[in-house]
Each structure stands twice: as structure tokens, then as C-alpha cells.
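Student: Sending over a structure as C-alpha cells; questions will come in a sec.
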Amino acid sequence: MNQIMLEALHLGVAGTAGPATFAAFIVAVVIMDALDVALPRGDSVSVAGALVAAMVALHGVPAGLLVATVAAVVSLCLRGGLAVSSWKWAARVVSLLGVLGLTLVLGDSLERLPLLRAALAVVTYLSLEFLVSQTLAGFRQSRSILGLMKGNLRRHFPLMASQLSASLLVIVTYDGMREWSILPVTALLLITRQSFALLHEIRETYRTTVEVLIQAAEQSDTRRRGHAERTALIARRIAARLHLSAKEVERVNFAALLHDIGVIAQEQADERGPQARAHSGSGAKVIEDAEFFGSVSPVLHLCEGDVDGEYTRDDVRAALIVALASDIDCLRRQVVSLVHDGNTVDRVLPAASQMQKSRVVAAAVELGYQIPAVW
Amino acid sequence: MSSNHQAVPRPFLILSFATLILGVVLFARAWGIIPPLVSLQLALLIVSVVVTENYASSLPEFSISLSYPLSMAAVVIAGPAAACIVAALSFTNLKELRSRRPLAVHAYNLGQLLVITALVGSLYLALGGRVLIAASGAAEMQASDFPGILLPLVATAAAGAVGNLALLGVAASLYQSRPLRESSALLMSLLPSQLALAFVGFLIGQVLTVNVFALPLFVVPLLVARQLYIRYTTMRTAFADTVKSLIGALEAKDHYTRGHSERVAAYSLEIGREIGLDSRSLERLEYAALLHDLGKLSLPASILRKPEALTDDERCLVVAHPDAGADMVARIPPLRDLADPVRHHHERYSGGGYPSGAAASEASAFGRILCIADSFDAMTTTRAYRSAMSTEAAIGELESGAGTQFDPGMVQAFVGFLRRKAAADPVVAESSRDTREAVAVVM
């Protein structure tokens, strides 16, 4: 057992690392960690895992542990943030232990295929790092770990795939270039990081814009507070229950969040009398010039009773989901129904078929929601 | 470089064919230095460039090709002439070839690629770089080559990135007849990624020399790089969408506010031009002006339209609207730098305005510009509670408030513009005031 453990600890394909190698990897990891992409709720994403994984594959688990630990200490000294550094370090240590376990399982097999062995180590490390970091994030934020993983796996997959490529490229070029192979690979990781950061910023831009619009709509009447978000939560669940694509679920989500922003215009209409009111509270008009919300606009038109336009089946289904979600929230919170302009279903139904309506209602029933009588 | 413009300005025509001729000459010279050696690695690069070129991503004004790192790889593998061949093959983008772009644009694109590739390839060799695949065999970069080889690598990367973007910028400004600095803002934002891509290219060259079967490892990273450029465009669209949505909300709330914001934006831009702001600052100033009254979304419409004097409670709400608007803007990442001007647009130059009573030293320059533009429009439009002033009377008010309510330098700049405009076309100047009155009344 001791011999196996010793061999496991020296998994690496490149033998023992020199001080220059350690220094290069540590500096690169510190730089990548300094450039991590900050996410909401205090979370962050770093691409440095690729370098730690490469170190493990080349020089073994102890070398990887040393790099991860020293980099964490240096980052802490330079930037502070004990909690963030600790969580990151913990995720890396657990991942390294996982790689150690892999080594014990593999034993002597694949000894003649060092690159494959190294690749397995990298895949194991990166996968475990993702799993562990999501688990830790779920605990810290008191959120469902499975839900978090499911949502983030799709978003993080290109990041992880790129990190896997980067690690393997270090391994391929290490024989000749030694620690200098980190230099071009770091450039590659920086491109990956920047791409992810831009994606995150785009999502944050739209999310915060929607929040500001909702705030503007709900400010006029405190009874509306929270209705948009609750409606969106119910709508997302119904959409997921109906096995809609991720893109469609997102569209339903935005439509649900924005379905009442037409009230921004409502005060003007009230002054002009009830005749004007029916035509003016148009949330779709607020967002009609925004390209990103282009797919949401037809759903809002339907929710506002404009059934004469040209709509696809998906538009109508999305509108039914939003309408039902809104009416469910009104049923649960009578105070909201007092300010809500009638049942949304009355506006959407003329465009929908009985089968569409039945499917949406069935999904809500399966989720345990009480369905308003009018449905 | 690509564009949908059909008419070709003469300066661009001359530039494009001169660049093409220069590119061919430099290519011939590079061939004389190191003739390309036929190798599996070069063949793979050629195939790769044809494939990647047909997945080029388009920005509004330009197309960005991922063949750039492949031509950098060709520089280190086989020298500048081979790299020119690889770069020229990026012309196999079927979409580009089928597009009805003028021949001059295609000529320029090809010429630019040849010029840059030949020059950076020659620079690489001149600074001590070596080709990895020679007639004597393949010899990948070794640790012993470092750090010496860093100089040619870094210099090549820098020269390639800067040269590429510079030529692109010059051509775009000549072709679209607009100032160079307008194109350069977008291009400069691409410089870091172009530098990084050059190093990725060197890595491709090294990997091909070591193990050709490892080439597929670059598929995902290059796809990610392509995504990066697409996301640059999407980010600009996201920004524009955000502003449009917020303006849409303002319009829904109060029609006067939208028209007012547009006029304030126009006046602010004139002040900005007079005091010499660059194009990027003017763009930010315009958005700040369009959104300066966003805080009014938090006010009941009854207050916005009230013809009589406001009560104390109502006044408190109105006084809070700059802060409310600034808080909304600060929540949206690309608009965060606009929060200060939105917050300060009712501050007085000497202090004592609202919401915080900040003086000029604490208020942002944009905020002081907005203050002038906002006040001028308020004075020259008819509201429910008073008629519009004439332009001259409003100018008088601005001048009497210079140094106390308004920044004196900016007032001088704006008044100078107004007087020149009135002198140039007094009828138009007067009728536009009437239009503002009519529009404001109807709204």
C-alpha cells in the first residue's frame, strides 16, 4: 500500500519539478486568480484551474497542492479576501484529493500511455473543481446545489472545455519548452476569460435593465411589489415542466418579469379616461426598440390583449404561461389582484387553442399550484 | 475590412491598390529570404485557414478573421513567405467573395494581409527568431531558446496587432469618410485580444512542430476566441438596447420628458464639441443626457404635470429624482460611469443646488454641461405653468447665472455656438423655437 501511495503521489509524467517551474506556475495562477470574473452573490470564476491541473498531470498531486497553496497565500497577501481565497483553495484541495483517488484506482494501468493518463487527471481535476465550487456556492448562498449546477453547467462548459485544451497544450509542449510553455497558454486562457467575462456582463446588463424597469413599474403602487419576480418564478417552473428549451424558458422568464411594465404609462392614460387606458398601458411599447427583447415583445402584446397580430404557437404558449403565472400569484395575494387589471387569461385566451391551455394548466397542476377558477 | 458601402472614395481607391502592390512586392521579397518549404504542418495550416475563414465573425464595421493566429503560426513554422500564403488564403471566405463589395475593398483586404504578414515575418527573423521547420528538419522551441526568443515573439505579436488594427482603422476612416478616431475606439478595444491571439498562433506553430495530432486541441479555444468577437458586438447591442428600453420607459411615463431629453442631448453635444471633447466622451455625454431625467420614473405623473406650485412633500420627491435616476443608472454595468452626471445635473456651479449642494469641484464636468443644457431647454419650451422665453432671453439668463448657477466656461462655449447659429440662419433659429413650443404644448 505504501508503494502504491508513493507512486500515486508521483503521478506526474514529467518527474520532479524544479524551482523555476514552481515559480512560473505559481505566478501564472496568481495572475489568473487576480483576473477572475466576479459573479453575483459573491461568487467568482477563474481559469487558473487549467494551470493547477497541468501541474498535477506533469509533476503529481503534491506539486499541484504546493502550487495551489502558495498561490492562495500570495493572492491573500496581495488582494485580501480571506473567505474567497479559502473557498477557492478548499475547492482545489478537494479536487486534488479526487485526482489522488483516481491515481489509486488506475494503479499501473495506462503507464504506457502517459498522455492519456495525464488527460484523465486533467479531466478529473477540472470536473471536480466545478462540482465542488458549485456545492460550496450552493451552501454559502443557501441555494439548491443541483439547480445551481444544472444552470451553470451549460454556461461554464465552454470555459471548462477551453481549460482542458489549455492544460493538455501545456503537457504537449512541456517537454521542449518546460515552464515557458505557460506563457502562450496563459494568452489562450486570457481570451477564454475575457469571452466569459463579456458574456456575464451582457447577461448582467439585461438583468439589471429589467430590474430597473420593474422597479419603475412597481414604484407607482407598493401593492405590486414583488409580483413580477414571483410571476417569473412560477412561469419558469411551468415552462421547465413543459420541457421547453433553455432559450424558451429564458424568454418566458423575461416576459413574465416585464408583463406589467405597461403600468408606467397607466397614469397618463388614467388622466385621459378609461377609453385611453386599454390602449396605452403597453409594456411592449416600452421595449419595442430593444433588439434583445424582440422575442419577448410578441408575448407582451398577447398578454396585453393584442390578439390581432401574427403570432407563432410558441408565442401563444409563452403568453399562456405568463398569464397563468400572473393569475396564480394574484390568487395567492389578493392585494395584487386588486391592482391587476383584470385576469390576464381573458386577454390571452382568444389567441390560444383549448389544447394549449390544457397543457399549460396541467403542468401547473402537476407542480401543485392552485389554479384560478377562471382558467 | 468589410463594409456595405458601394461608392468608393478616391483616396481609398488609391490606398487599396497601392497596398495591394506593396503587399505583392513584400511577398516576393519574403520569398527571396526564405522560400516556403512544403511540409505537412504548412498543409494543415492552409486547410485550417480555409475552414476558419468561413466562420469569420462580423462586427458592424469590420470582419475579424481567426486566420490571424494561423498566419502567426506560419511565421514561426516556415517564415514570412509561407505566412503570406496562409494569410492570402483567408480570401477563401465564400460569404465575403459572394458579397457585392467593391473590388477595391477586396484588393485592400488582400494587400493589407500581405503587407502586415510579410513585415512582421521579416521582423521576427531580423530580431533573431528562427523557423521551426527547415530543410534540415523540424526543431521545436526549446527552453534553452528562452528568454532570448521572447524579444522576436513579443515584437512580432505587438507589430502584428498594432499594424493590423492601424491599417484597418485608416482604411475604414477613408472608406467611410469619417475621422480616424471614431474607428480607432472600437479597434483599440480589440488590441489585447489580437496580442493574445498572436501568442496563440506561436503556440499553434510549436504544437504542430511537436505533434501534429494535437492540432484539434485548438478547436475549442479558437471557437471561444470567435465567440469573444461576437460578444464584443453583442455588448454594444446590449448597451444600445438598455438605453432604448429606459428611454422607452421614460416616454411611456411622460411624453414631454422624452422630447426634453432628446433636446438636452442635442444641446449637450454642442457644448461638448465646443469644449473639444473626443468622440467617445461625446457618446457618453449623449447617453447621460438622454437618461438624465430617468429618476422621474419614480415620480407620480400628477407631480410631473402639476401646473401649480408644488407642496413641500412634492418638492421633496422632485428634489430626490437626480439621486433616484443615478441609482437606477448605477445598477446597470455599462452605464455606471453615467451615474455622476445624472446625479449632478441640478447642482449649482457655486454649490447649493440639489440633491447634495455640491459645488463645481465635486460635480462632474458632464453634470455641469447637463445643467446648462437642461436649464436652456426648460427656459425655451412652453410648459403648463409658463410660456417659453426667446433664445436671446434664455442666453441672458445663462450669462447672468455664469459663475453661480452655471459653469462660466461652458456657458461661454454654448452661447458662442447659439449666437453663431442664430447669425447663420436667424429664421431657422427662431422657427425651431416655435416648433419646440408647439411640440411641448401638444405633449
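Residue names in the C-alpha cells use chain letters A, B, ... in the order shown, residue numbers from 1 in each chain, and ligand numbers from 1 in the order shown.
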Give me, as a PyMOL selection string, the contact residues of chain A against chain B at a cut-off of 7 Å, counting only C-alpha atoms.
Tutor: chain A and resi 161-162+165+173+176-178+180+184+187-188+191-192+195+198-199+202+205+208-209+212+216+219-220+264-265+267-268+286-287+289-292
Student: Convert the current residue selection to file output with N, CA and C atoms, as a short mmCIF file (atom, residue, chain, number, x, y, z; two decimals), in the first residue's frame.
Tutor:
data_model
loop_
_atom_site.label_atom_id
_atom_site.label_comp_id
_atom_site.auth_asym_id
_atom_site.auth_seq_id
_atom_site.Cartn_x
_atom_site.Cartn_y
_atom_site.Cartn_z
N ALA A 161 -14.12 23.35 -21.17
CA ALA A 161 -13.52 22.70 -22.34
C ALA A 161 -12.26 23.44 -22.78
N SER A 162 -12.32 24.76 -22.71
CA SER A 162 -11.15 25.55 -23.09
C SER A 162 -10.01 25.33 -22.10
N SER A 165 -8.36 22.04 -22.88
CA SER A 165 -7.44 22.20 -24.02
C SER A 165 -6.14 22.86 -23.57
N THR A 173 3.52 20.59 -24.88
CA THR A 173 4.69 21.43 -25.20
C THR A 173 5.72 21.48 -24.07
N GLY A 176 9.66 20.27 -24.44
CA GLY A 176 10.62 21.16 -25.09
C GLY A 176 10.75 22.49 -24.35
N MET A 177 9.61 23.11 -24.10
CA MET A 177 9.64 24.48 -23.59
C MET A 177 9.67 24.56 -22.08
N ARG A 178 9.43 23.47 -21.37
CA ARG A 178 9.38 23.46 -19.92
C ARG A 178 8.43 24.56 -19.41
N TRP A 180 8.28 27.60 -19.82
CA TRP A 180 7.94 28.66 -20.78
C TRP A 180 6.67 28.34 -21.57
N PRO A 184 2.41 31.16 -23.68
CA PRO A 184 1.36 31.23 -24.69
C PRO A 184 0.02 30.64 -24.22
N ALA A 187 -1.98 33.22 -22.55
CA ALA A 187 -2.68 34.08 -23.52
C ALA A 187 -4.00 33.45 -23.93
N LEU A 188 -3.97 32.17 -24.16
CA LEU A 188 -5.18 31.44 -24.54
C LEU A 188 -6.22 31.51 -23.42
N ILE A 191 -7.94 34.88 -23.26
CA ILE A 191 -9.01 35.03 -24.26
C ILE A 191 -10.27 34.35 -23.74
N THR A 192 -10.09 33.17 -23.17
CA THR A 192 -11.23 32.42 -22.62
C THR A 192 -11.89 33.23 -21.50
N SER A 195 -13.82 36.23 -22.85
CA SER A 195 -15.07 35.83 -23.50
C SER A 195 -16.15 35.56 -22.46
N LEU A 198 -17.29 38.83 -20.80
CA LEU A 198 -18.21 39.60 -21.65
C LEU A 198 -19.61 39.00 -21.63
N LEU A 199 -19.67 37.67 -21.68
CA LEU A 199 -20.97 37.00 -21.64
C LEU A 199 -21.69 37.36 -20.34
N ILE A 202 -22.91 40.93 -20.42
CA ILE A 202 -24.11 41.07 -21.26
C ILE A 202 -25.34 40.62 -20.48
N THR A 205 -26.19 43.11 -17.82
CA THR A 205 -26.78 44.33 -18.39
C THR A 205 -28.27 44.14 -18.60
N THR A 208 -30.14 43.66 -15.09
CA THR A 208 -30.30 44.88 -14.31
C THR A 208 -31.22 45.88 -15.00
N THR A 209 -31.21 45.90 -16.32
CA THR A 209 -32.16 46.76 -17.05
C THR A 209 -33.59 46.35 -16.73
N VAL A 212 -34.51 47.47 -13.26
CA VAL A 212 -34.82 48.91 -13.21
C VAL A 212 -36.21 49.18 -13.76
N ALA A 216 -39.41 50.67 -11.74
CA ALA A 216 -40.18 51.83 -12.20
C ALA A 216 -41.67 51.51 -12.23
N GLN A 219 -42.97 51.02 -8.50
CA GLN A 219 -42.84 52.16 -7.60
C GLN A 219 -44.16 52.90 -7.46
N SER A 220 -44.98 52.87 -8.53
CA SER A 220 -46.21 53.65 -8.51
C SER A 220 -47.21 53.06 -7.53
N ILE A 264 -46.31 51.77 -16.24
CA ILE A 264 -45.57 53.03 -16.24
C ILE A 264 -46.37 54.10 -16.97
N ALA A 265 -47.05 53.66 -18.04
CA ALA A 265 -47.82 54.60 -18.86
C ALA A 265 -49.23 54.77 -18.34
N GLU A 267 -50.64 55.92 -15.66
CA GLU A 267 -51.09 57.15 -15.03
C GLU A 267 -51.48 58.19 -16.06
N GLN A 268 -50.73 58.20 -17.18
CA GLN A 268 -51.07 59.14 -18.24
C GLN A 268 -52.44 58.81 -18.79
N VAL A 286 -42.75 49.87 -24.48
CA VAL A 286 -41.58 50.33 -23.73
C VAL A 286 -40.31 49.69 -24.29
N ILE A 287 -40.42 48.41 -24.65
CA ILE A 287 -39.21 47.68 -25.07
C ILE A 287 -39.14 47.46 -26.58
N ASP A 289 -38.06 49.05 -29.08
CA ASP A 289 -36.85 49.42 -29.82
C ASP A 289 -35.63 48.58 -29.43
N ALA A 290 -35.78 47.78 -28.40
CA ALA A 290 -34.62 47.00 -27.92
C ALA A 290 -34.57 45.65 -28.64
N GLU A 291 -33.47 45.43 -29.37
CA GLU A 291 -33.32 44.18 -30.15
C GLU A 291 -33.39 42.94 -29.30
N PHE A 292 -32.74 42.99 -28.15
CA PHE A 292 -32.66 41.80 -27.30
C PHE A 292 -34.04 41.35 -26.89
#
Student: Using only C-alpha atoms, which residues of segment 187-235 of chain A come within 9 Å of segment 43-52 of chain A, and what is the closest atom pair for each, with the distance in Å to one decimal? Give it as JSON lines, sorted by chain and residue number.
Tutor:
{"residue": "A:Leu189", "atom": "CA", "partner": "A:Val47", "partner_atom": "CA", "distance": 6.5}
{"residue": "A:Leu190", "atom": "CA", "partner": "A:Val47", "partner_atom": "CA", "distance": 8.2}
{"residue": "A:Thr192", "atom": "CA", "partner": "A:Val47", "partner_atom": "CA", "distance": 7.9}
{"residue": "A:Arg193", "atom": "CA", "partner": "A:Val47", "partner_atom": "CA", "distance": 6.6}
Student: Residues within 12 Å of segment 352-359 of chain B, please, as a PyMOL selection string. Count only C-alpha atoms; anything in the same chain fewer than 2 positions from it doesn't count.
Tutor: chain B and resi 315-326+340+342-350+361-365+367-368+371+403-407
Student: Create the file for the chosen residues now, containing C-alpha atoms and written as a PDB file, in the first residue's frame.
Tutor:
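Result went into selection-v5.pdb, see below:
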ATOM      1  CA  ARG B 315     -40.922  69.187  -3.758  1.00  0.00           C
ATOM      2  CA  CYS B 316     -39.030  66.624  -1.653  1.00  0.00           C
ATOM      3  CA  LEU B 317     -39.890  63.947  -4.187  1.00  0.00           C
ATOM      4  CA  VAL B 318     -38.777  66.101  -7.108  1.00  0.00           C
ATOM      5  CA  VAL B 319     -35.523  67.034  -5.407  1.00  0.00           C
ATOM      6  CA  ALA B 320     -34.784  63.329  -4.979  1.00  0.00           C
ATOM      7  CA  HIS B 321     -35.171  62.463  -8.654  1.00  0.00           C
ATOM      8  CA  PRO B 322     -31.499  63.016  -9.638  1.00  0.00           C
ATOM      9  CA  ASP B 323     -30.425  60.569  -6.925  1.00  0.00           C
ATOM     10  CA  ALA B 324     -33.129  58.097  -7.957  1.00  0.00           C
ATOM     11  CA  GLY B 325     -32.017  58.331 -11.584  1.00  0.00           C
ATOM     12  CA  ALA B 326     -28.350  57.960 -10.658  1.00  0.00           C
ATOM     13  CA  ASP B 340     -22.449  61.057 -11.517  1.00  0.00           C
ATOM     14  CA  VAL B 342     -27.218  62.163 -13.795  1.00  0.00           C
ATOM     15  CA  ARG B 343     -26.876  62.870 -10.087  1.00  0.00           C
ATOM     16  CA  HIS B 344     -25.330  66.324 -10.571  1.00  0.00           C
ATOM     17  CA  HIS B 345     -27.463  67.804 -13.334  1.00  0.00           C
ATOM     18  CA  HIS B 346     -29.318  70.069 -10.880  1.00  0.00           C
ATOM     19  CA  GLU B 347     -26.306  71.126  -8.851  1.00  0.00           C
ATOM     20  CA  ARG B 348     -25.198  74.759  -8.946  1.00  0.00           C
ATOM     21  CA  TYR B 349     -21.704  75.772 -10.000  1.00  0.00           C
ATOM     22  CA  SER B 350     -21.135  77.620  -6.719  1.00  0.00           C
ATOM     23  CA  SER B 361     -15.190  70.942  -7.762  1.00  0.00           C
ATOM     24  CA  GLU B 362     -17.292  67.987  -6.628  1.00  0.00           C
ATOM     25  CA  ALA B 363     -19.711  67.798  -9.542  1.00  0.00           C
ATOM     26  CA  SER B 364     -18.691  66.033 -12.728  1.00  0.00           C
ATOM     27  CA  ALA B 365     -17.960  68.015 -15.892  1.00  0.00           C
ATOM     28  CA  GLY B 367     -23.098  67.171 -14.876  1.00  0.00           C
ATOM     29  CA  ARG B 368     -22.242  70.847 -15.384  1.00  0.00           C
ATOM     30  CA  CYS B 371     -27.163  71.617 -16.051  1.00  0.00           C
ATOM     31  CA  GLY B 403     -20.216  81.527 -12.175  1.00  0.00           C
ATOM     32  CA  THR B 404     -23.084  80.999  -9.728  1.00  0.00           C
ATOM     33  CA  GLN B 405     -25.537  78.529 -11.193  1.00  0.00           C
ATOM     34  CA  PHE B 406     -23.612  77.558 -14.315  1.00  0.00           C
ATOM     35  CA  ASP B 407     -20.031  76.805 -15.259  1.00  0.00           C
TER      36      ASP B 407
END
